[in-house]
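For reference, coords.cif (mmCIF, C-alpha atoms):
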```cif
data_protein
#
loop_
_atom_site.label_atom_id
_atom_site.label_comp_id
_atom_site.auth_asym_id
_atom_site.auth_seq_id
_atom_site.Cartn_x
_atom_site.Cartn_y
_atom_site.Cartn_z
CA MET A 22 8.20 23.21 -17.24
CA ASN A 23 5.91 26.23 -17.16
CA PHE A 24 2.30 26.08 -16.11
CA LYS A 25 -0.23 27.61 -18.51
CA SER A 26 -4.00 27.83 -18.56
CA ASN A 27 -6.34 29.07 -21.24
CA ARG A 28 -6.06 32.45 -19.50
CA ASN A 29 -2.40 32.51 -20.53
CA ILE A 30 -1.05 32.78 -16.98
CA ASN A 31 2.48 31.48 -16.57
CA TYR A 32 2.61 30.12 -13.01
CA GLY A 33 6.08 28.69 -13.42
CA LYS A 34 7.53 32.18 -13.91
CA LYS A 35 5.34 33.43 -11.09
CA LEU A 36 6.78 30.80 -8.75
CA ASP A 37 10.36 31.67 -9.79
CA LYS A 38 9.69 35.37 -9.21
CA ARG A 39 8.28 34.73 -5.74
CA THR A 40 11.33 32.64 -4.86
CA LYS A 41 13.75 35.37 -5.98
CA GLN A 42 11.84 38.04 -4.08
CA ARG A 43 11.98 36.00 -0.88
CA ARG A 44 15.71 35.41 -1.20
CA MET A 45 16.23 39.18 -1.18
CA SER A 46 14.15 39.62 1.95
CA THR A 47 15.84 39.91 5.33
CA LYS A 48 12.72 38.78 7.11
CA LYS A 49 12.97 35.26 8.47
CA MET A 50 9.66 33.41 8.52
CA MET A 51 9.15 29.79 9.52
CA VAL A 52 6.42 28.11 7.50
CA ALA A 53 4.36 25.11 8.38
CA SER A 54 3.50 23.83 4.97
CA ALA A 55 4.44 23.67 1.37
CA ALA A 56 1.05 22.64 0.18
CA ALA A 57 -1.20 23.86 2.89
CA VAL A 58 -2.02 26.86 4.98
CA LEU A 59 -2.71 25.15 8.25
CA ILE A 60 -4.82 27.44 10.34
CA PHE A 61 -6.93 26.30 13.19
CA SER A 62 -10.44 27.74 13.68
CA THR A 63 -13.59 26.99 15.57
CA GLY A 64 -15.79 29.03 13.26
CA PRO A 65 -16.78 28.72 9.58
CA ALA A 66 -14.43 30.33 7.08
CA THR A 67 -15.69 32.54 4.27
CA SER A 68 -13.73 34.02 1.41
CA SER A 69 -13.67 37.38 -0.31
CA GLY A 70 -11.12 36.60 -2.99
CA ILE A 71 -7.36 36.30 -3.20
CA LEU A 72 -6.89 40.05 -2.82
CA GLY A 73 -9.19 40.18 0.17
CA LYS A 74 -9.34 38.04 3.28
CA ILE A 75 -10.45 34.57 4.28
CA THR A 76 -12.03 35.26 7.63
CA ASN A 77 -14.16 33.92 10.35
CA SER A 78 -17.57 35.49 9.72
CA SER A 79 -17.42 37.32 13.04
CA ILE A 80 -13.88 38.68 12.57
CA GLU A 81 -12.93 41.58 10.33
CA VAL A 82 -9.44 42.35 11.56
CA GLN A 83 -6.20 42.30 9.62
CA ALA A 84 -4.31 39.03 9.65
CA ALA A 85 -1.31 38.85 11.96
CA SER A 86 2.18 38.36 10.62
CA LEU A 87 3.29 34.78 10.09
CA GLY A 88 5.80 35.01 12.93
CA GLU A 89 3.06 35.98 15.36
CA VAL A 90 0.72 33.12 14.54
CA GLN A 91 3.03 30.25 13.64
CA LEU A 92 1.81 26.96 15.08
CA LEU A 93 3.80 24.16 13.42
CA THR A 94 7.44 23.78 12.55
CA ASP A 95 9.51 21.13 10.71
CA VAL A 96 6.72 20.84 8.18
CA ASN A 97 6.85 18.42 5.28
CA ILE A 98 4.34 18.65 2.43
CA THR A 99 3.65 16.23 -0.39
CA ALA A 100 1.30 16.88 -3.31
CA ASN A 101 0.82 13.93 -5.66
CA LEU A 102 -1.19 14.01 -8.89
CA THR A 103 -2.39 10.71 -10.38
CA GLU A 104 -3.94 10.61 -13.86
CA ASN A 105 -6.99 8.42 -14.35
CA THR A 106 -9.17 7.91 -17.45
CA ASP A 107 -11.62 10.79 -16.88
CA THR A 108 -10.16 12.42 -13.77
CA TYR A 109 -7.03 13.21 -11.84
CA THR A 110 -6.62 12.40 -8.16
CA LEU A 111 -4.77 15.01 -6.10
CA ASP A 112 -3.45 13.69 -2.78
CA LEU A 113 -2.27 16.28 -0.28
CA ASN A 114 -0.42 15.52 2.94
CA LEU A 115 0.95 17.79 5.65
CA THR A 116 3.09 16.73 8.56
CA GLY A 117 4.60 19.03 11.16
CA THR A 118 5.37 19.42 14.83
CA GLY A 119 3.79 21.88 17.23
CA LEU A 120 6.02 24.85 17.97
CA ALA A 121 7.45 24.35 21.46
CA ASP A 122 7.01 26.72 24.40
CA VAL A 123 4.13 28.63 22.86
CA GLU A 124 1.05 29.76 24.77
CA LEU A 125 -1.69 30.10 22.21
CA VAL A 126 -3.95 33.14 22.42
CA SER A 127 -6.55 31.72 20.07
CA PRO A 128 -8.44 28.41 19.92
CA ASP A 129 -8.30 28.52 16.10
CA ARG A 130 -7.46 25.18 14.48
CA VAL A 131 -8.00 25.00 10.67
CA ALA A 132 -6.07 23.31 7.85
CA VAL A 133 -6.12 25.25 4.58
CA PHE A 134 -4.44 24.11 1.39
CA TYR A 135 -3.93 26.99 -1.07
CA SER A 136 -3.60 26.74 -4.86
CA PRO A 137 -4.22 29.09 -7.82
CA PRO A 138 -7.94 29.74 -8.49
CA GLU A 139 -7.60 28.15 -11.97
CA LEU A 140 -6.91 24.84 -10.20
CA ALA A 141 -9.27 25.43 -7.28
CA ASP A 142 -12.18 25.96 -9.70
CA LEU A 143 -11.71 22.38 -10.87
CA LEU A 144 -11.35 20.68 -7.48
CA THR A 145 -13.99 18.42 -5.98
CA VAL A 146 -13.54 16.87 -2.53
CA ASN A 147 -16.06 14.18 -1.66
CA ALA A 148 -14.34 12.51 1.28
CA PRO A 149 -13.35 13.96 4.66
CA ALA A 150 -9.77 14.79 5.55
CA ASN A 151 -7.94 12.49 7.95
CA ILE A 152 -6.44 14.28 10.95
CA SER A 153 -3.90 12.81 13.35
CA VAL A 154 -2.37 14.77 16.23
CA GLU A 155 0.05 13.47 18.83
CA ILE A 156 -1.04 14.92 22.17
CA LEU A 157 1.83 16.29 24.23
CA PRO A 158 1.78 15.73 28.01
CA ILE A 159 -0.82 17.83 29.80
CA THR A 160 -0.33 18.79 33.45
CA LEU A 161 -2.55 20.38 36.07
CA SER A 162 -0.61 23.59 35.60
CA ASP A 163 -2.21 23.76 32.14
CA LEU A 164 -5.63 23.66 33.85
CA PRO A 165 -5.69 26.42 36.47
CA VAL A 166 -9.49 26.32 36.61
CA VAL A 167 -9.32 22.85 38.19
CA GLU A 168 -5.79 22.83 39.63
CA GLY A 169 -6.71 24.87 42.69
CA THR A 170 -9.80 22.80 43.49
CA ILE A 171 -8.04 19.46 43.15
CA GLY A 172 -4.99 20.75 45.01
CA GLU A 173 -7.08 21.84 48.00
CA LEU A 174 -9.07 18.62 47.96
CA THR A 175 -6.06 16.31 47.79
CA SER A 176 -4.35 18.30 50.53
CA THR A 177 -7.29 17.69 52.86
CA LEU A 178 -7.49 14.04 51.79
CA ASN A 179 -3.78 13.52 52.43
CA THR A 180 -4.18 14.94 55.93
CA THR A 181 -7.30 12.97 56.93
CA VAL A 182 -6.17 9.69 55.39
CA GLY A 183 -2.70 10.15 56.84
CA GLU A 184 -4.15 10.61 60.34
CA LEU A 185 -6.28 7.47 59.90
CA VAL A 186 -3.33 5.40 58.68
CA SER A 187 -1.18 6.62 61.57
CA ALA A 188 -3.84 5.73 64.15
CA VAL A 189 -4.42 2.28 62.65
CA ASP A 190 -0.68 1.57 62.47
CA THR A 191 -0.26 2.53 66.13
CA ILE A 192 -2.98 0.09 67.14
CA LEU A 193 -1.69 -2.74 64.95
CA ASP A 194 1.90 -2.24 66.11
CA ASN A 195 0.84 -2.88 69.71
CA PRO A 196 0.40 -6.62 70.39
CA LEU A 197 -2.17 -5.83 73.10
CA THR A 198 -4.47 -3.77 70.83
CA ALA A 199 -3.82 -5.38 67.47
CA PRO A 200 -6.42 -8.16 67.99
CA LEU A 201 -9.08 -5.51 68.79
CA ILE A 202 -9.35 -4.01 65.29
CA ASN A 203 -10.22 -5.21 61.80
CA VAL A 204 -9.46 -2.93 58.84
CA ASN A 205 -10.53 -3.56 55.23
CA GLY A 206 -9.80 -1.37 52.21
CA LEU A 207 -7.21 1.00 53.66
CA GLU A 208 -4.45 -0.08 51.28
CA GLU A 209 -6.83 0.36 48.34
CA LEU A 210 -7.60 3.90 49.53
CA GLU A 211 -3.91 4.74 49.81
CA THR A 212 -3.35 3.47 46.26
CA ALA A 213 -6.27 5.50 44.87
CA LEU A 214 -5.11 8.63 46.69
CA GLU A 215 -1.57 8.19 45.42
CA ALA A 216 -2.91 8.07 41.86
CA LEU A 217 -4.90 11.26 42.44
CA ASN A 218 -1.81 12.95 43.87
CA ASN A 219 -0.02 12.01 40.64
CA VAL A 220 -2.74 13.06 38.22
CA ASP A 221 -0.10 14.47 35.85
CA ASN A 222 1.09 10.91 35.17
CA ALA A 223 -2.39 9.90 34.04
CA LEU A 224 -2.83 13.03 31.92
CA ALA A 225 0.47 12.28 30.17
CA ASP A 226 -1.09 9.12 28.72
CA LEU A 227 -3.44 11.07 26.41
CA LEU A 228 -1.49 10.03 23.35
CA GLN A 229 -3.42 10.68 20.14
CA TYR A 230 -6.27 12.54 18.45
CA ASN A 231 -7.56 10.96 15.24
CA ASP A 232 -10.56 12.24 13.34
CA SER A 233 -12.21 12.58 9.93
CA VAL A 234 -13.22 16.18 9.20
CA PRO A 235 -15.30 17.67 6.34
CA VAL A 236 -13.42 19.64 3.69
CA GLN A 237 -14.54 22.96 2.20
CA VAL A 238 -13.26 24.10 -1.20
CA ASN A 239 -13.40 27.89 -1.75
CA PRO A 240 -13.22 29.75 -5.09
CA ASP A 241 -10.16 31.74 -3.99
CA GLY A 242 -8.03 28.59 -4.06
CA SER A 243 -8.25 27.58 -0.41
CA ILE A 244 -9.20 24.11 0.77
CA VAL A 245 -10.32 24.40 4.40
CA VAL A 246 -10.24 21.62 6.98
CA ASN A 247 -11.69 22.86 10.27
CA PHE A 248 -10.82 20.60 13.21
CA GLY A 249 -10.66 23.10 16.07
CA ASP A 250 -13.88 21.92 17.63
CA GLY A 251 -12.97 18.27 17.18
CA LEU A 252 -9.56 18.61 18.81
CA GLY A 253 -10.92 20.81 21.61
CA ASN A 254 -13.79 18.46 22.38
CA HIS A 255 -11.47 15.46 22.30
CA LEU A 256 -9.06 17.06 24.76
CA GLU A 257 -11.78 18.28 27.11
CA THR A 258 -13.52 14.91 27.16
CA ALA A 259 -10.27 12.98 27.58
CA VAL A 260 -9.03 15.20 30.44
CA GLN A 261 -12.41 15.09 32.15
CA ASP A 262 -12.51 11.30 31.87
CA VAL A 263 -9.04 10.94 33.40
CA ILE A 264 -9.70 13.26 36.34
CA ILE A 265 -13.20 11.92 37.01
CA GLN A 266 -11.93 8.33 36.95
CA LEU A 267 -9.25 9.16 39.54
CA LEU A 268 -11.83 10.89 41.74
CA ASN A 269 -14.28 8.01 41.38
CA ASP A 270 -11.55 5.56 42.40
CA VAL A 271 -11.03 7.53 45.62
CA VAL A 272 -14.80 7.70 46.23
CA SER A 273 -15.12 3.95 45.74
CA ALA A 274 -12.19 3.28 48.05
CA ILE A 275 -13.62 5.50 50.81
CA SER A 276 -17.07 3.95 50.43
CA ALA A 277 -15.62 0.43 50.75
CA LEU A 278 -13.37 1.31 53.69
CA GLU A 279 -14.31 -0.57 56.85
CA VAL A 280 -12.86 -0.26 60.35
CA GLU A 281 -14.28 -2.58 63.01
CA ILE A 282 -13.42 -2.05 66.71
CA LEU A 283 -13.79 -5.37 68.58
CA GLY A 284 -13.28 -4.11 72.09
CA GLY A 285 -11.32 -1.95 74.44
CA SER A 286 -11.14 1.83 74.43
CA ILE A 287 -9.36 2.27 71.13
CA SER A 288 -10.65 4.56 68.38
CA VAL A 289 -9.58 5.83 64.97
CA PRO A 290 -10.50 9.03 63.04
CA LEU A 291 -12.67 7.34 60.40
CA GLU A 292 -15.44 9.96 60.10
CA PRO A 293 -13.24 12.77 58.69
CA VAL A 294 -12.29 10.43 55.85
CA LYS A 295 -15.92 9.45 55.21
CA ASP A 296 -16.89 13.13 55.25
CA MET A 297 -14.71 13.67 52.18
CA LEU A 298 -17.25 11.81 50.06
CA THR A 299 -19.41 14.93 49.71
CA PRO A 300 -16.77 17.36 48.31
CA LEU A 301 -15.38 14.61 46.11
CA GLN A 302 -18.80 13.90 44.60
CA ASN A 303 -19.47 17.62 44.17
CA LEU A 304 -16.28 18.00 42.15
CA ILE A 305 -17.17 14.98 40.02
CA ASP A 306 -20.63 16.43 39.35
CA ASN A 307 -19.24 19.85 38.44
CA LEU A 308 -16.78 18.35 35.98
CA SER A 309 -19.39 16.06 34.44
CA SER A 310 -21.97 18.82 34.02
CA GLY A 311 -19.54 21.36 32.62
CA ALA A 312 -19.96 23.69 35.59
CA ILE A 313 -16.17 23.54 35.70
CA ASP A 314 -15.23 24.40 32.10
CA LEU A 315 -11.83 23.18 30.93
CA SER A 316 -12.17 24.40 27.33
CA ASN A 317 -10.59 27.85 27.78
CA ASP A 318 -7.55 26.47 29.61
CA LEU A 319 -7.06 23.75 27.00
CA ALA A 320 -7.45 26.22 24.11
CA SER A 321 -4.41 28.19 25.27
CA ALA A 322 -2.24 25.15 25.95
CA GLN A 323 0.23 24.00 23.27
CA VAL A 324 -0.50 20.27 23.28
CA MET A 325 0.08 19.45 19.60
CA GLY A 326 3.06 17.26 18.82
CA GLN A 327 3.49 15.48 15.49
CA THR A 328 0.53 16.46 13.31
CA SER A 329 -0.68 15.02 10.03
CA VAL A 330 -3.43 16.14 7.62
CA ASP A 331 -4.37 14.03 4.58
CA LEU A 332 -7.03 14.64 1.95
CA SER A 333 -7.81 13.71 -1.65
CA ALA A 334 -9.40 15.86 -4.35
CA THR A 335 -10.70 15.03 -7.83
CA ILE A 336 -9.90 17.08 -10.96
CA PRO A 337 -11.55 16.52 -14.37
CA ASN A 338 -9.39 15.10 -17.16
CA PRO A 339 -8.75 16.97 -19.38
CA SER A 340 -8.34 19.92 -17.06
CA GLY A 341 -7.26 22.61 -19.51
CA LEU A 342 -4.07 23.06 -17.48
CA SER A 343 -0.53 22.20 -18.46
CA GLY A 344 2.81 22.34 -16.71
CA ASP A 345 3.72 22.90 -13.06
CA VAL A 346 1.04 24.23 -10.72
CA PRO A 347 2.34 25.66 -7.41
CA ILE A 348 0.64 25.07 -4.07
CA TYR A 349 1.65 27.15 -1.05
CA GLY A 350 1.02 27.14 2.66
CA ALA A 351 1.96 27.70 6.31
CA GLY A 352 1.04 26.56 9.79
CA ILE A 353 -0.62 29.23 11.94
CA SER A 354 -3.10 29.70 14.78
CA ASP A 355 -5.30 32.40 13.30
CA SER A 356 -8.59 32.48 11.41
CA VAL A 357 -7.78 35.54 9.31
CA ILE A 358 -5.78 35.25 6.08
CA ASP A 359 -5.00 38.15 3.76
CA LEU A 360 -2.68 38.78 0.83
CA PRO A 361 0.36 39.90 2.91
CA LEU A 362 0.16 36.69 4.92
CA LEU A 363 -0.20 34.54 1.81
CA SER A 364 2.64 36.43 0.13
CA SER A 365 4.96 35.66 3.04
CA LEU A 366 4.70 31.90 2.55
CA GLU A 367 8.12 30.56 1.63
CA SER A 368 7.60 26.85 1.12
CA GLY A 369 6.01 25.47 -2.01
CA ASP A 370 5.28 22.22 -3.74
CA SER A 371 3.92 21.67 -7.23
CA ILE A 372 2.00 19.19 -9.33
CA THR A 373 2.50 18.72 -13.06
CA PHE A 374 -0.12 18.45 -15.80
CA ALA A 375 1.13 17.00 -19.11
CA GLU A 376 -1.83 18.14 -21.20
CA PRO A 377 -1.37 19.99 -24.54
CA VAL A 378 -2.20 23.70 -24.41
CA ASP A 379 -4.31 25.62 -26.93
CA THR A 380 -3.81 29.19 -25.73
CA ASP A 381 -5.80 30.89 -28.50
CA GLY A 382 -8.55 28.24 -28.64
CA ASP A 383 -8.27 27.67 -32.40
CA GLY A 384 -8.13 23.89 -32.18
CA LEU A 385 -4.37 23.70 -32.65
CA THR A 386 -2.12 23.10 -29.66
CA ASP A 387 0.64 25.57 -28.93
CA GLU A 388 3.18 22.89 -29.84
CA GLU A 389 1.47 22.29 -33.20
CA GLU A 390 1.42 26.03 -33.91
CA GLU A 391 5.09 26.36 -33.05
CA GLN A 392 5.90 23.52 -35.43
CA ALA A 393 3.78 25.20 -38.12
CA GLY A 394 5.39 28.58 -37.49
CA THR A 395 2.10 30.26 -36.49
CA ASP A 396 1.40 32.41 -33.41
CA PRO A 397 -0.07 30.27 -30.55
CA ASN A 398 -1.58 33.42 -29.06
CA ASN A 399 -3.66 34.38 -32.10
CA PRO A 400 -6.38 32.22 -33.68
CA ASP A 401 -5.43 31.15 -37.21
#
```

Let's see the structure in the file written out as structure tokens.
Amino acid sequence: MNFKSNRNINYGKKLDKRTKQRRMSTKKMMVASAAAVLIFSTGPATSSGILGKITNSSIEVQAASLGEVQLLTDVNITANLTENTDTYTLDLNLTGTGLADVELVSPDRVAVFYSPPELADLLTVNAPANISVEILPITLSDLPVVEGTIGELTSTLNTTVGELVSAVDTILDNPLTAPLINVNGLEELETALEALNNVDNALADLLQYNDSVPVQVNPDGSIVVNFGDGLGNHLETAVQDVIIQLLNDVVSAISALEVEILGGSISVPLEPVKDMLTPLQNLIDNLSSGAIDLSNDLASAQVMGQTSVDLSATIPNPSGLSGDVPIYGAGISDSVIDLPLLSSLESGDSITFAEPVDTDGDGLTDEEEEQAGTDPNNPD
């Protein structure tokens, strides 16, 4: 079925032509969506028309090629149109998986669904989009700004606590000196320190990002869902919480540690362990206040696993459209979109309107004019 509007644009033929042109191309592009351009951006998007660019207001550079900015792979898109009494409901869904082994050079995170302007002019989105992102394991190596500090701190802690444990064990292993010492909280400190030494295990438990994000409909046919800030803030807060909790556990264990000497000439190196409270608290304060900023490190880390974007739009019924309407897209990590990038999109889905068409606006549908033997392109 061909798609027609009152402007007499045949989108079905346009879709077929695009498909044939791509089959002749030797360029291999992987696309992240059939119904959505999934871009990821921390700034507001503005549009200058389909022949121009959709850009971040502070960026006026040419869009990169799709291969350079691809973010998601194995993308599946569904576009479902439901007819109601006075409206249609258009449900769009994108699922995909973050491209593996990619170090991102941009923090951009935006979902954009793209459709012909004739359809976009009719769209109304009143509810936020639902975003779900599986968070891949994060390690300290992804966070060089804090890796060195924690590495140096845990190294010192391992040495001082190890010396204390060794001294206490020597005393307790001697039946003559064992009755002369009481120790409380040393096992708890060892447990807390072991957890800090294995911070990667705790970071690996950051499983999911779920959010509701406002949707922006642009006249050029793009539907923009900007969740870069939301994902970035979620990751930064979650990572901070994990690291700070591990540090606080060590602080609490050191503060509760008690060694009582009951007699004799025995001694243990307790003070070096207690002295670690100050650098530990300083690190906690710097992370809490943002003096140690994790955002840049997290922005360049590829932590997106299975990703899903869902939104619903409303279209008036009747719409003045008939036939198949194509919707294109891709998954990228850039905030600049231009015609060459849009033209390189290979995947496509479509929705179908079953409304009668009156191309020449004379009150007779094209089908009625064909049956009557009159020209549907000229008013009778």

When you look at stretch 255-265 of chain A with a cut-off of 10 Å (counting only C-alpha atoms), what residues show up, excluding the ones that are within fewer than 4 positions of it in the same chain? I need them as an mmCIF file with C-alpha atoms, in the coordinates of the input.
```
data_model
loop_
_atom_site.group_PDB
_atom_site.id
_atom_site.type_symbol
_atom_site.label_atom_id
_atom_site.label_comp_id
_atom_site.auth_asym_id
_atom_site.auth_seq_id
_atom_site.Cartn_x
_atom_site.Cartn_y
_atom_site.Cartn_z
ATOM 1 C CA ILE A 156 -1.040 14.920 22.170
ATOM 2 C CA ILE A 159 -0.820 17.830 29.800
ATOM 3 C CA THR A 160 -0.330 18.790 33.450
ATOM 4 C CA LEU A 164 -5.630 23.660 33.850
ATOM 5 C CA VAL A 167 -9.320 22.850 38.190
ATOM 6 C CA ILE A 171 -8.040 19.460 43.150
ATOM 7 C CA LEU A 217 -4.900 11.260 42.440
ATOM 8 C CA VAL A 220 -2.740 13.060 38.220
ATOM 9 C CA ASP A 221 -0.100 14.470 35.850
ATOM 10 C CA ALA A 223 -2.390 9.900 34.040
ATOM 11 C CA LEU A 224 -2.830 13.030 31.920
ATOM 12 C CA ALA A 225 0.470 12.280 30.170
ATOM 13 C CA ASP A 226 -1.090 9.120 28.720
ATOM 14 C CA LEU A 227 -3.440 11.070 26.410
ATOM 15 C CA GLN A 229 -3.420 10.680 20.140
ATOM 16 C CA TYR A 230 -6.270 12.540 18.450
ATOM 17 C CA ASN A 231 -7.560 10.960 15.240
ATOM 18 C CA ASP A 232 -10.560 12.240 13.340
ATOM 19 C CA GLY A 249 -10.660 23.100 16.070
ATOM 20 C CA ASP A 250 -13.880 21.920 17.630
ATOM 21 C CA GLY A 251 -12.970 18.270 17.180
ATOM 22 C CA ASN A 269 -14.280 8.010 41.380
ATOM 23 C CA ASP A 270 -11.550 5.560 42.400
ATOM 24 C CA VAL A 271 -11.030 7.530 45.620
ATOM 25 C CA LEU A 301 -15.380 14.610 46.110
ATOM 26 C CA GLN A 302 -18.800 13.900 44.600
ATOM 27 C CA LEU A 304 -16.280 18.000 42.150
ATOM 28 C CA ILE A 305 -17.170 14.980 40.020
ATOM 29 C CA ASP A 306 -20.630 16.430 39.350
ATOM 30 C CA LEU A 308 -16.780 18.350 35.980
ATOM 31 C CA SER A 309 -19.390 16.060 34.440
ATOM 32 C CA GLY A 311 -19.540 21.360 32.620
ATOM 33 C CA ILE A 313 -16.170 23.540 35.700
ATOM 34 C CA ASP A 314 -15.230 24.400 32.100
ATOM 35 C CA LEU A 315 -11.830 23.180 30.930
ATOM 36 C CA SER A 316 -12.170 24.400 27.330
ATOM 37 C CA ASN A 317 -10.590 27.850 27.780
ATOM 38 C CA ASP A 318 -7.550 26.470 29.610
ATOM 39 C CA LEU A 319 -7.060 23.750 27.000
ATOM 40 C CA ALA A 320 -7.450 26.220 24.110
ATOM 41 C CA VAL A 324 -0.500 20.270 23.280
#
```

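Counting from atom CA of A:Ala274, the distance to atom CA of A:Val204 is 12.7 Å.
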
Exercise for review: Could you please determine the separation between atom CA of A:Val236 and atom CA of A:Pro158 in Å, to one decimal place?
Suggested key: 28.9 Å

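Note that the spacing between atom CA of A:Ser371 and atom CA of A:Glu389 amounts to 26.1 Å.
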
Check your understanding: Nearest to A:Val234: which of A:Asn307, A:Asn195, A:Asn147, A:Thr380 is it, counting only C-alpha atoms?
Key -> A:Asn147
